[in-house]
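Pasted below: protein-v3.txt, compact mmCIF, C-alpha atoms.
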# COMPACT_ATOMS: atom_id res chain seq x y z
CA MET A 5 94.49 -39.20 26.26
CA ASP A 6 94.74 -35.68 27.65
CA PHE A 7 92.48 -32.95 26.35
CA ASP A 8 94.34 -30.60 24.01
CA PRO A 9 92.82 -27.10 23.94
CA ILE A 10 94.79 -26.19 20.82
CA LEU A 11 92.98 -28.91 18.79
CA ALA A 12 89.62 -27.64 20.07
CA LEU A 13 90.45 -24.11 18.93
CA MET A 14 91.48 -25.41 15.52
CA GLY A 15 88.12 -27.25 15.16
CA LEU A 16 86.00 -24.14 15.76
CA PRO A 17 86.55 -22.64 12.29
CA LEU A 18 85.66 -26.00 10.73
CA ALA A 19 82.41 -26.22 12.70
CA PHE A 20 81.55 -22.64 11.71
CA VAL A 21 82.11 -23.39 8.01
CA LEU A 22 80.00 -26.55 8.15
CA GLY A 23 77.15 -24.69 9.92
CA TRP A 24 77.28 -21.88 7.41
CA LEU A 25 77.11 -24.32 4.48
CA ALA A 26 74.15 -26.12 6.05
CA SER A 27 72.25 -22.87 6.56
CA ARG A 28 72.91 -21.79 3.00
CA PHE A 29 71.59 -25.09 1.72
CA ASP A 30 68.37 -24.71 3.76
CA LEU A 31 67.91 -21.12 2.59
CA ARG A 32 68.36 -22.11 -1.03
CA GLN A 33 65.82 -24.90 -0.66
CA LEU A 34 63.37 -22.56 1.10
CA ARG A 35 63.77 -19.92 -1.61
CA LEU A 36 63.22 -22.56 -4.28
CA ASP A 37 60.02 -23.77 -2.61
CA ASN A 38 58.78 -20.20 -2.15
CA ARG A 39 59.49 -19.40 -5.77
CA GLN A 40 57.57 -22.46 -6.94
CA ALA A 41 54.48 -21.79 -4.80
CA PRO A 42 53.93 -18.13 -5.81
CA LYS A 43 54.60 -19.01 -9.44
CA ALA A 44 51.76 -21.54 -9.41
CA TYR A 45 49.61 -19.16 -7.39
CA PHE A 46 50.04 -16.24 -9.77
CA LYS A 47 49.57 -18.54 -12.71
CA GLY A 48 46.23 -19.55 -11.23
CA LEU A 49 45.27 -15.91 -10.73
CA ASN A 50 46.12 -15.18 -14.35
CA PHE A 51 43.90 -18.02 -15.53
CA LEU A 52 41.13 -16.82 -13.23
CA LEU A 53 41.26 -13.27 -14.60
CA ASN A 54 41.05 -14.70 -18.12
CA GLU A 55 38.00 -16.77 -17.04
CA GLN A 56 39.85 -20.03 -17.62
CA GLN A 57 38.53 -21.76 -14.53
CA ASP A 58 39.70 -25.28 -15.38
CA GLN A 59 43.31 -24.15 -15.78
CA ALA A 60 43.02 -21.98 -12.66
CA ILE A 61 41.89 -24.97 -10.61
CA ASP A 62 44.84 -27.04 -11.85
CA ALA A 63 47.26 -24.22 -10.97
CA PHE A 64 45.82 -23.79 -7.48
CA ILE A 65 45.95 -27.54 -6.86
CA GLU A 66 49.65 -27.42 -7.80
CA ALA A 67 50.16 -24.47 -5.44
CA VAL A 68 48.42 -26.28 -2.59
CA GLN A 69 50.57 -29.36 -3.14
CA ASN A 70 53.72 -27.22 -2.99
CA ASP A 71 52.57 -25.40 0.14
CA PRO A 72 49.85 -27.41 1.90
CA ASP A 73 49.91 -25.21 5.00
CA THR A 74 48.76 -22.02 3.20
CA SER A 75 45.10 -21.50 4.04
CA ASP A 76 44.55 -18.73 1.47
CA LEU A 77 45.27 -21.18 -1.34
CA HIS A 78 42.69 -23.57 0.07
CA PHE A 79 40.10 -20.80 0.27
CA ALA A 80 40.78 -19.78 -3.34
CA LEU A 81 40.51 -23.38 -4.49
CA GLY A 82 37.31 -24.04 -2.52
CA ASN A 83 35.65 -20.90 -3.87
CA LEU A 84 36.58 -21.91 -7.40
CA PHE A 85 35.04 -25.34 -6.93
CA ARG A 86 31.83 -23.72 -5.64
CA ARG A 87 31.64 -21.34 -8.59
CA ARG A 88 32.11 -24.29 -10.93
CA GLY A 89 29.25 -26.14 -9.27
CA GLU A 90 31.60 -28.82 -7.89
CA TYR A 91 30.09 -28.53 -4.43
CA GLU A 92 31.36 -31.88 -3.13
CA ARG A 93 34.97 -30.90 -3.83
CA ALA A 94 34.41 -27.45 -2.31
CA VAL A 95 33.02 -29.08 0.84
CA ARG A 96 36.05 -31.38 1.11
CA VAL A 97 38.47 -28.44 0.83
CA HIS A 98 36.73 -26.42 3.54
CA GLN A 99 36.24 -29.45 5.80
CA HIS A 100 39.97 -30.15 5.48
CA LEU A 101 40.69 -26.60 6.62
CA LEU A 102 38.40 -26.99 9.64
CA SER A 103 40.13 -30.24 10.62
CA ARG A 104 43.53 -28.55 10.87
CA GLY A 105 44.70 -27.95 14.42
CA ASP A 106 47.01 -25.08 13.48
CA LEU A 107 44.27 -22.96 11.87
CA GLY A 108 43.73 -19.58 13.52
CA GLU A 109 40.36 -18.63 14.97
CA ASP A 110 39.55 -16.08 12.26
CA ASP A 111 40.45 -18.51 9.46
CA ARG A 112 38.37 -21.19 11.19
CA HIS A 113 35.33 -18.91 11.15
CA ARG A 114 36.06 -18.05 7.54
CA ALA A 115 36.20 -21.74 6.64
CA GLN A 116 32.94 -22.36 8.52
CA HIS A 117 31.28 -19.57 6.54
CA ALA A 118 32.61 -20.93 3.25
CA LEU A 119 31.38 -24.42 4.16
CA ALA A 120 27.90 -23.03 4.89
CA LEU A 121 27.84 -21.38 1.46
CA ASP A 122 28.85 -24.70 -0.12
CA TYR A 123 25.90 -26.42 1.55
CA LEU A 124 23.52 -23.63 0.52
CA LYS A 125 24.58 -23.81 -3.12
CA ALA A 126 24.31 -27.59 -3.06
CA GLY A 127 20.77 -27.38 -1.67
CA LEU A 128 21.69 -29.17 1.57
CA LEU A 129 19.52 -26.86 3.67
CA ASP A 130 19.74 -28.79 6.97
CA ARG A 131 23.53 -28.85 6.92
CA ALA A 132 23.64 -25.23 5.81
CA GLU A 133 21.46 -24.25 8.78
CA GLN A 134 23.79 -25.99 11.25
CA ALA A 135 26.88 -24.41 9.68
CA LEU A 136 25.33 -20.93 9.72
CA LEU A 137 24.13 -21.19 13.32
CA ALA A 138 27.70 -22.02 14.34
CA LEU A 139 28.76 -18.53 13.16
CA GLU A 140 26.76 -16.69 15.84
CA GLY A 141 29.04 -14.33 17.73
CA THR A 142 31.71 -14.21 14.98
CA ARG A 143 32.56 -11.46 12.52
CA PHE A 144 30.51 -13.40 9.95
CA GLU A 145 27.39 -13.22 12.11
CA ALA A 146 25.51 -10.65 9.97
CA GLU A 147 26.32 -12.44 6.70
CA ALA A 148 25.39 -15.77 8.27
CA ARG A 149 22.03 -14.43 9.44
CA LEU A 150 21.21 -13.09 5.99
CA ALA A 151 22.12 -16.44 4.47
CA LEU A 152 20.10 -18.21 7.17
CA LEU A 153 17.13 -15.98 6.31
CA ALA A 154 17.37 -17.02 2.66
CA ASN A 155 17.73 -20.64 3.78
CA TYR A 156 14.54 -20.51 5.85
CA GLU A 157 12.69 -18.84 2.99
CA ARG A 158 13.73 -21.59 0.59
CA ALA A 159 12.55 -24.18 3.10
CA ARG A 160 9.32 -22.17 3.65
CA ASP A 161 10.04 -22.10 7.37
CA TRP A 162 8.30 -18.76 7.90
CA LYS A 163 8.49 -18.80 11.69
CA GLY A 164 12.23 -19.41 11.59
CA ALA A 165 12.63 -16.69 8.97
CA ALA A 166 10.66 -14.24 11.14
CA GLU A 167 12.92 -14.94 14.13
CA VAL A 168 16.07 -14.33 12.09
CA ALA A 169 14.59 -11.15 10.56
CA HIS A 170 13.79 -9.90 14.07
CA ARG A 171 17.39 -10.53 15.18
CA LEU A 172 18.74 -8.77 12.10
CA GLU A 173 16.52 -5.78 12.79
CA GLY A 174 17.72 -5.73 16.39
CA SER A 175 21.36 -5.65 15.29
CA ASP A 176 20.89 -2.49 13.16
CA GLN A 177 20.85 -4.35 9.84
CA GLY A 178 17.94 -2.28 8.54
CA SER A 179 14.17 -2.61 8.73
CA PHE A 180 12.63 -6.02 8.09
CA SER A 181 9.06 -5.12 9.05
CA THR A 182 7.65 -5.55 5.53
CA ARG A 183 9.50 -8.85 5.16
CA ARG A 184 8.08 -10.08 8.47
CA ALA A 185 4.60 -9.06 7.32
CA HIS A 186 5.11 -11.21 4.21
CA TYR A 187 6.05 -14.15 6.43
CA LEU A 188 2.82 -13.75 8.40
CA CYS A 189 0.84 -13.61 5.14
CA GLU A 190 2.55 -16.80 3.99
CA GLN A 191 1.62 -18.50 7.25
CA ALA A 192 -1.97 -17.34 6.78
CA ALA A 193 -2.03 -18.72 3.23
CA GLU A 194 -0.85 -22.11 4.50
CA GLN A 195 -3.63 -22.39 7.09
CA PRO A 196 -6.08 -25.19 6.28
CA SER A 197 -9.18 -23.94 4.50
CA GLY A 198 -12.35 -24.37 6.48
CA GLY A 199 -15.29 -22.58 8.02
CA ASP A 200 -13.33 -20.88 10.82
CA THR A 201 -11.21 -18.05 9.44
CA THR A 202 -10.27 -16.63 12.87
CA PRO A 203 -6.65 -17.93 12.87
CA VAL A 204 -6.09 -16.61 9.34
CA GLN A 205 -7.51 -13.20 10.16
CA ALA A 206 -5.45 -13.02 13.37
CA LEU A 207 -2.23 -13.60 11.39
CA LEU A 208 -3.22 -10.97 8.82
CA MET A 209 -4.13 -8.42 11.50
CA GLU A 210 -0.71 -9.03 13.06
CA ALA A 211 0.86 -8.47 9.63
CA ILE A 212 -1.01 -5.16 9.27
CA ALA A 213 0.26 -4.06 12.70
CA THR A 214 3.81 -5.11 11.75
CA ALA A 215 3.84 -3.17 8.44
CA PRO A 216 0.94 -0.67 8.36
CA HIS A 217 1.92 0.70 4.94
CA ALA A 218 2.21 -2.69 3.23
CA ALA A 219 -0.55 -3.53 0.75
CA ARG A 220 -0.45 -7.32 0.89
CA PRO A 221 -1.89 -7.95 4.40
CA ARG A 222 -4.99 -5.83 3.75
CA LEU A 223 -5.51 -7.32 0.29
CA ALA A 224 -5.31 -10.82 1.77
CA LEU A 225 -7.61 -9.89 4.66
CA ALA A 226 -10.19 -8.41 2.29
CA GLU A 227 -10.14 -11.60 0.22
CA VAL A 228 -10.80 -13.71 3.32
CA GLN A 229 -13.62 -11.37 4.40
CA SER A 230 -15.22 -11.50 0.94
CA GLN A 231 -15.07 -15.29 0.85
CA SER A 232 -16.82 -15.45 4.23
CA GLY A 233 -19.57 -13.09 3.01
CA ALA A 234 -18.45 -10.01 4.98
CA HIS A 235 -18.48 -7.77 1.89
CA LEU A 236 -18.84 -4.51 3.77
CA GLN A 237 -15.84 -5.36 5.98
CA ALA A 238 -13.87 -6.26 2.86
CA TRP A 239 -14.78 -2.92 1.29
CA ASP A 240 -13.67 -1.05 4.44
CA THR A 241 -10.37 -2.97 4.48
CA LEU A 242 -9.65 -2.14 0.85
CA CYS A 243 -10.52 1.53 1.37
CA GLU A 244 -7.96 1.57 4.20
CA ALA A 245 -5.46 -0.11 1.90
CA LEU A 246 -5.98 2.56 -0.76
CA ALA A 247 -5.44 5.29 1.83
CA GLU A 248 -2.35 3.69 3.41
CA CYS A 249 -0.72 2.26 0.26
CA SER A 250 -1.58 4.67 -2.55
CA SER A 251 1.36 3.42 -4.64
CA ALA A 252 -0.35 0.01 -4.81
CA ALA A 253 -3.59 1.47 -6.22
CA PRO A 254 -3.37 -0.62 -9.45
CA LEU A 255 -3.45 -3.78 -7.30
CA ILE A 256 -6.16 -2.53 -4.94
CA ALA A 257 -8.57 -1.10 -7.53
CA PRO A 258 -9.89 -4.37 -9.10
CA PRO A 259 -10.87 -6.10 -5.82
CA LEU A 260 -12.17 -2.78 -4.48
CA ALA A 261 -14.55 -2.49 -7.44
CA GLN A 262 -15.80 -6.04 -6.81
CA ALA A 263 -16.29 -5.35 -3.11
CA ALA A 264 -18.12 -2.11 -3.94
CA VAL A 265 -20.67 -3.97 -6.05
CA ALA A 266 -21.17 -6.65 -3.40
CA ALA A 267 -21.46 -4.10 -0.56
CA ASP A 268 -23.55 -1.59 -2.58
CA ARG A 269 -20.91 1.14 -2.27
CA VAL A 270 -20.50 1.96 -5.94
CA ALA A 271 -20.83 5.74 -5.76
CA ALA A 272 -18.42 6.13 -2.85
CA THR A 273 -15.91 3.81 -4.51
CA LEU A 274 -16.08 5.71 -7.80
CA ALA A 275 -15.16 8.91 -5.94
CA LEU A 276 -12.15 7.20 -4.31
CA LEU A 277 -10.93 5.67 -7.57
CA GLU A 278 -11.41 8.91 -9.50
CA ALA A 279 -9.28 10.74 -6.93
CA SER A 280 -6.60 8.06 -7.12
CA TYR A 281 -6.60 8.17 -10.92
CA GLU A 282 -6.27 11.95 -10.93
CA ARG A 283 -3.25 11.75 -8.64
CA ARG A 284 -1.53 9.20 -10.85
CA PRO A 285 -3.23 7.65 -13.89
CA ALA A 286 -3.04 3.87 -14.05
CA LEU A 287 -4.80 1.46 -16.41
CA ASP A 288 -5.90 -0.97 -13.69
CA VAL A 289 -7.51 1.90 -11.78
CA LEU A 290 -9.14 3.09 -15.01
CA ASP A 291 -10.47 -0.44 -15.71
CA ALA A 292 -12.10 -0.47 -12.26
CA ILE A 293 -13.66 2.96 -12.91
CA VAL A 294 -15.00 1.85 -16.29
CA THR A 295 -16.43 -1.34 -14.74
CA LEU A 296 -18.32 0.62 -12.08
CA GLN A 297 -19.51 3.29 -14.51
CA SER A 298 -20.80 0.60 -16.86
CA LEU A 299 -23.24 -0.53 -14.16
CA ASP A 300 -25.13 2.73 -14.58
CA PRO A 301 -27.20 2.65 -17.84
CA ALA A 302 -27.01 6.43 -18.08
CA ARG A 303 -23.21 6.37 -18.04
CA HIS A 304 -22.62 3.10 -19.91
CA ALA A 305 -22.05 4.79 -23.26
CA SER A 306 -19.53 7.27 -21.87
CA ALA A 307 -17.63 4.71 -19.79
CA ARG A 308 -15.56 3.45 -22.70
CA GLU A 309 -14.69 6.98 -23.73
CA ARG A 310 -12.48 7.10 -20.65
CA TYR A 311 -9.90 5.06 -22.57
CA ALA A 312 -9.78 7.72 -25.28
CA LEU A 313 -9.37 10.40 -22.61
CA HIS A 314 -6.57 8.32 -21.07
CA LEU A 315 -4.69 8.50 -24.39
CA GLU A 316 -4.58 12.27 -23.97
CA LYS A 317 -2.74 11.79 -20.68
CA GLU A 318 -0.45 8.91 -21.66
CA PRO A 319 0.18 7.07 -24.95
CA SER A 320 -1.03 3.52 -24.39
CA LEU A 321 -1.52 0.72 -26.86
CA VAL A 322 -3.46 -1.22 -24.21
CA ALA A 323 -5.93 1.65 -23.76
CA ALA A 324 -6.22 2.07 -27.52
CA ALA A 325 -7.04 -1.64 -27.94
CA LYS A 326 -9.70 -1.45 -25.24
CA TRP A 327 -11.25 1.64 -26.78
CA ILE A 328 -11.34 0.26 -30.31
CA ALA A 329 -12.87 -3.03 -29.10
CA GLY A 330 -16.26 -1.36 -28.70
CA GLU A 331 -16.11 1.01 -31.63
CA VAL A 332 -17.93 0.49 -34.91
CA LEU A 333 -15.36 0.89 -37.68
CA THR A 334 -16.03 2.14 -41.18
CA GLN A 335 -15.09 -1.29 -42.51
CA GLU A 336 -16.50 -3.32 -39.66
CA GLN A 337 -15.89 -6.61 -41.47
CA PHE A 338 -12.16 -6.21 -40.71
CA HIS A 339 -12.70 -5.39 -37.05
CA PRO A 340 -12.15 -8.95 -35.68
CA GLN A 341 -8.80 -9.30 -37.48
CA VAL A 342 -7.64 -5.87 -36.31
CA GLN A 343 -8.77 -6.61 -32.77
CA ARG A 344 -6.94 -9.95 -32.68
CA ALA A 345 -3.75 -8.26 -33.87
CA LEU A 346 -4.05 -5.55 -31.24
CA ASP A 347 -4.81 -8.04 -28.44
CA HIS A 348 -1.77 -10.09 -29.45
CA ALA A 349 0.43 -6.97 -29.49
CA VAL A 350 -0.64 -5.77 -26.05
CA LYS A 351 -0.14 -9.09 -24.22
CA PRO A 352 3.58 -8.48 -23.46
CA LEU A 353 2.74 -4.92 -22.37
CA SER A 354 0.19 -6.14 -19.83
CA ARG A 355 2.70 -8.22 -17.87
CA TYR A 356 4.47 -7.38 -14.61
CA ARG A 357 8.27 -7.17 -14.50
CA CYS A 358 10.68 -7.81 -11.63
CA MET A 359 12.80 -4.71 -11.16
CA ALA A 360 15.66 -6.82 -9.75
CA CYS A 361 16.13 -9.53 -12.39
CA GLY A 362 13.69 -8.63 -15.20
CA PHE A 363 11.54 -11.78 -14.80
CA GLU A 364 8.14 -11.13 -16.43
CA ALA A 365 4.84 -12.66 -15.38
CA THR A 366 1.18 -12.33 -16.33
CA ARG A 367 0.19 -12.04 -12.66
CA TYR A 368 1.64 -10.08 -9.77
CA PHE A 369 4.08 -11.79 -7.39
CA TRP A 370 5.05 -10.52 -3.95
CA GLN A 371 8.25 -12.59 -4.19
CA CYS A 372 9.92 -12.96 -7.57
CA PRO A 373 9.97 -16.60 -8.76
CA GLY A 374 13.22 -15.86 -10.59
CA CYS A 375 15.49 -14.12 -8.08
CA GLN A 376 13.42 -14.64 -4.88
CA ALA A 377 13.47 -10.88 -4.14
CA TRP A 378 10.54 -9.48 -2.15
CA ASP A 379 8.45 -6.54 -3.42
CA SER A 380 10.56 -6.32 -6.56
CA TYR A 381 7.57 -6.18 -8.92
CA SER A 382 6.11 -2.79 -9.73
CA PRO A 383 2.31 -2.64 -9.22
CA ARG A 384 2.12 -1.06 -12.68
CA ARG A 385 2.19 -3.01 -15.92
CA ILE A 386 5.23 -3.00 -18.23
CA GLU A 387 3.69 -0.44 -20.56
CA GLU A 388 3.36 2.06 -17.71
CA LEU A 389 6.90 1.74 -16.35
Would you encode the structure as structure tokens?
Amino acid sequence: MDFDPILALMGLPLAFVLGWLASRFDLRQLRLDNRQAPKAYFKGLNFLLNEQQDQAIDAFIEAVQNDPDTSDLHFALGNLFRRRGEYERAVRVHQHLLSRGDLGEDDRHRAQHALALDYLKAGLLDRAEQALLALEGTRFEAEARLALLANYERARDWKGAAEVAHRLEGSDQGSFSTRRAHYLCEQAAEQPSGGDTTPVQALLMEAIATAPHAARPRLALAEVQSQSGAHLQAWDTLCEALAECSSAAPLIAPPLAQAAVAADRVAATLALLEASYERRPALDVLDAIVTLQSLDPARHASARERYALHLEKEPSLVAAAKWIAGEVLTQEQFHPQVQRALDHAVKPLSRYRCMACGFEATRYFWQCPGCQAWDSYSPRRIEEL
């Protein structure tokens, strides 16, 4: 049969119409799918803003099922699982993202960072370390190093933490010298106790060189020196601490008073503490002054009067309780009951408080047990804040 060009020309309009109908059908289907996915997505956002996390998770799961190739939906879903404490599900979501071959480099790094956070929250420190180390050289490098620092601190790997802190300092992320001094002090504290204190003292001397204005290394060094019988060296170390870290005077004053008695440096120490107290009155400094003054029989009677003089400077229930403890009252038979009531009332005022999370403790912590922040406790008691 011969080819008829007229029939071919007549078939062109038919082919055009069929193609147009097919494209319209595909567009309608695409628009329908796109309408369904954002609807579920925005529904999930609405639940999230209303703090309805269960409903938000269901909505995001629906959105992911409608559009499984959208990485942003996976990130939103994984973050929700992590916030809910469902770390295993969060890990699966982010591992699924990393397994995709079509994922861009930036999204891959983002998924790696999210996976590391999942491991951290779940307490899987070894896996978290591996995931964070894989982010070196990416845009998440600084965040990963900070998280890695926290990870090493939780694991009490002080050498690893010091290395990360040094790298952070080298990349203009701020000064970490005080933090590195804390790590050296922690290493010194973990040294086995024995007759030879040379390794401990070497670590503490390195800490002093790392952060000359930090109080902790000198306080720790003075304690080691006192325990080994070098009371005069301990006194010298604490005098240096008072000169370099005047803001920590309430922490330095009690051991300084003890070292002064052991090293027979009471008069010189009294002069130092009096000068510190005049610059900024503090009850712990005043207690040390009263302790040293009480050693002199000629000044023993006037030592307690210092608490009454302190009340002229600052209203203090703690100072009032200490003053009244040695006074003879008109109705002395009621003194024990009054004293017990006062002592009970001042207990909460004599605690230390973390300035970051508000955690209160009866003793001073260099790292808050509540929020793990360093140097977040004020050296002054709650009443003096």
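Put simply, CA of Cys372 in chain A is 21.0 Å away from CA of Ala126 in chain A.
CA of Gln371 in chain A is positioned 21.4 Å from CA of Ala148 in chain A.
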Inset, instruction - Grab the CA of Ala118 in chain A to CA of Asp76 in chain A distance for me, in Å with one decimal place. - result: 12.3 Å
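Minimum atom-to-atom distances from A:Leu84, A:Gln376, A:Ala146, A:Ile293 to Asp176 in chain A were compared using all atoms listed in the file, and the lowest value belongs to A:Ala146.
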Inset, instruction - Could you give me, as a PyMOL selection string, the residues within 10 Å of range 320-322 of chain A, counting all atoms listed in the file and dropping anything in the same chain fewer than 3 positions from it? - result: chain A and resi 287+311-312+314-317+325-327+346-347+349-351+353-354+387-388
Next, dump the selected residues to file, keeping only C-alpha atoms, as an mmCIF file, in the frame of the given file.
data_model
loop_
_atom_site.group_PDB
_atom_site.id
_atom_site.type_symbol
_atom_site.label_atom_id
_atom_site.label_comp_id
_atom_site.auth_asym_id
_atom_site.auth_seq_id
_atom_site.Cartn_x
_atom_site.Cartn_y
_atom_site.Cartn_z
ATOM 1 C CA LEU A 287 -4.800 1.460 -16.410
ATOM 2 C CA TYR A 311 -9.900 5.060 -22.570
ATOM 3 C CA ALA A 312 -9.780 7.720 -25.280
ATOM 4 C CA HIS A 314 -6.570 8.320 -21.070
ATOM 5 C CA LEU A 315 -4.690 8.500 -24.390
ATOM 6 C CA GLU A 316 -4.580 12.270 -23.970
ATOM 7 C CA LYS A 317 -2.740 11.790 -20.680
ATOM 8 C CA ALA A 325 -7.040 -1.640 -27.940
ATOM 9 C CA LYS A 326 -9.700 -1.450 -25.240
ATOM 10 C CA TRP A 327 -11.250 1.640 -26.780
ATOM 11 C CA LEU A 346 -4.050 -5.550 -31.240
ATOM 12 C CA ASP A 347 -4.810 -8.040 -28.440
ATOM 13 C CA ALA A 349 0.430 -6.970 -29.490
ATOM 14 C CA VAL A 350 -0.640 -5.770 -26.050
ATOM 15 C CA LYS A 351 -0.140 -9.090 -24.220
ATOM 16 C CA LEU A 353 2.740 -4.920 -22.370
ATOM 17 C CA SER A 354 0.190 -6.140 -19.830
ATOM 18 C CA GLU A 387 3.690 -0.440 -20.560
ATOM 19 C CA GLU A 388 3.360 2.060 -17.710
#
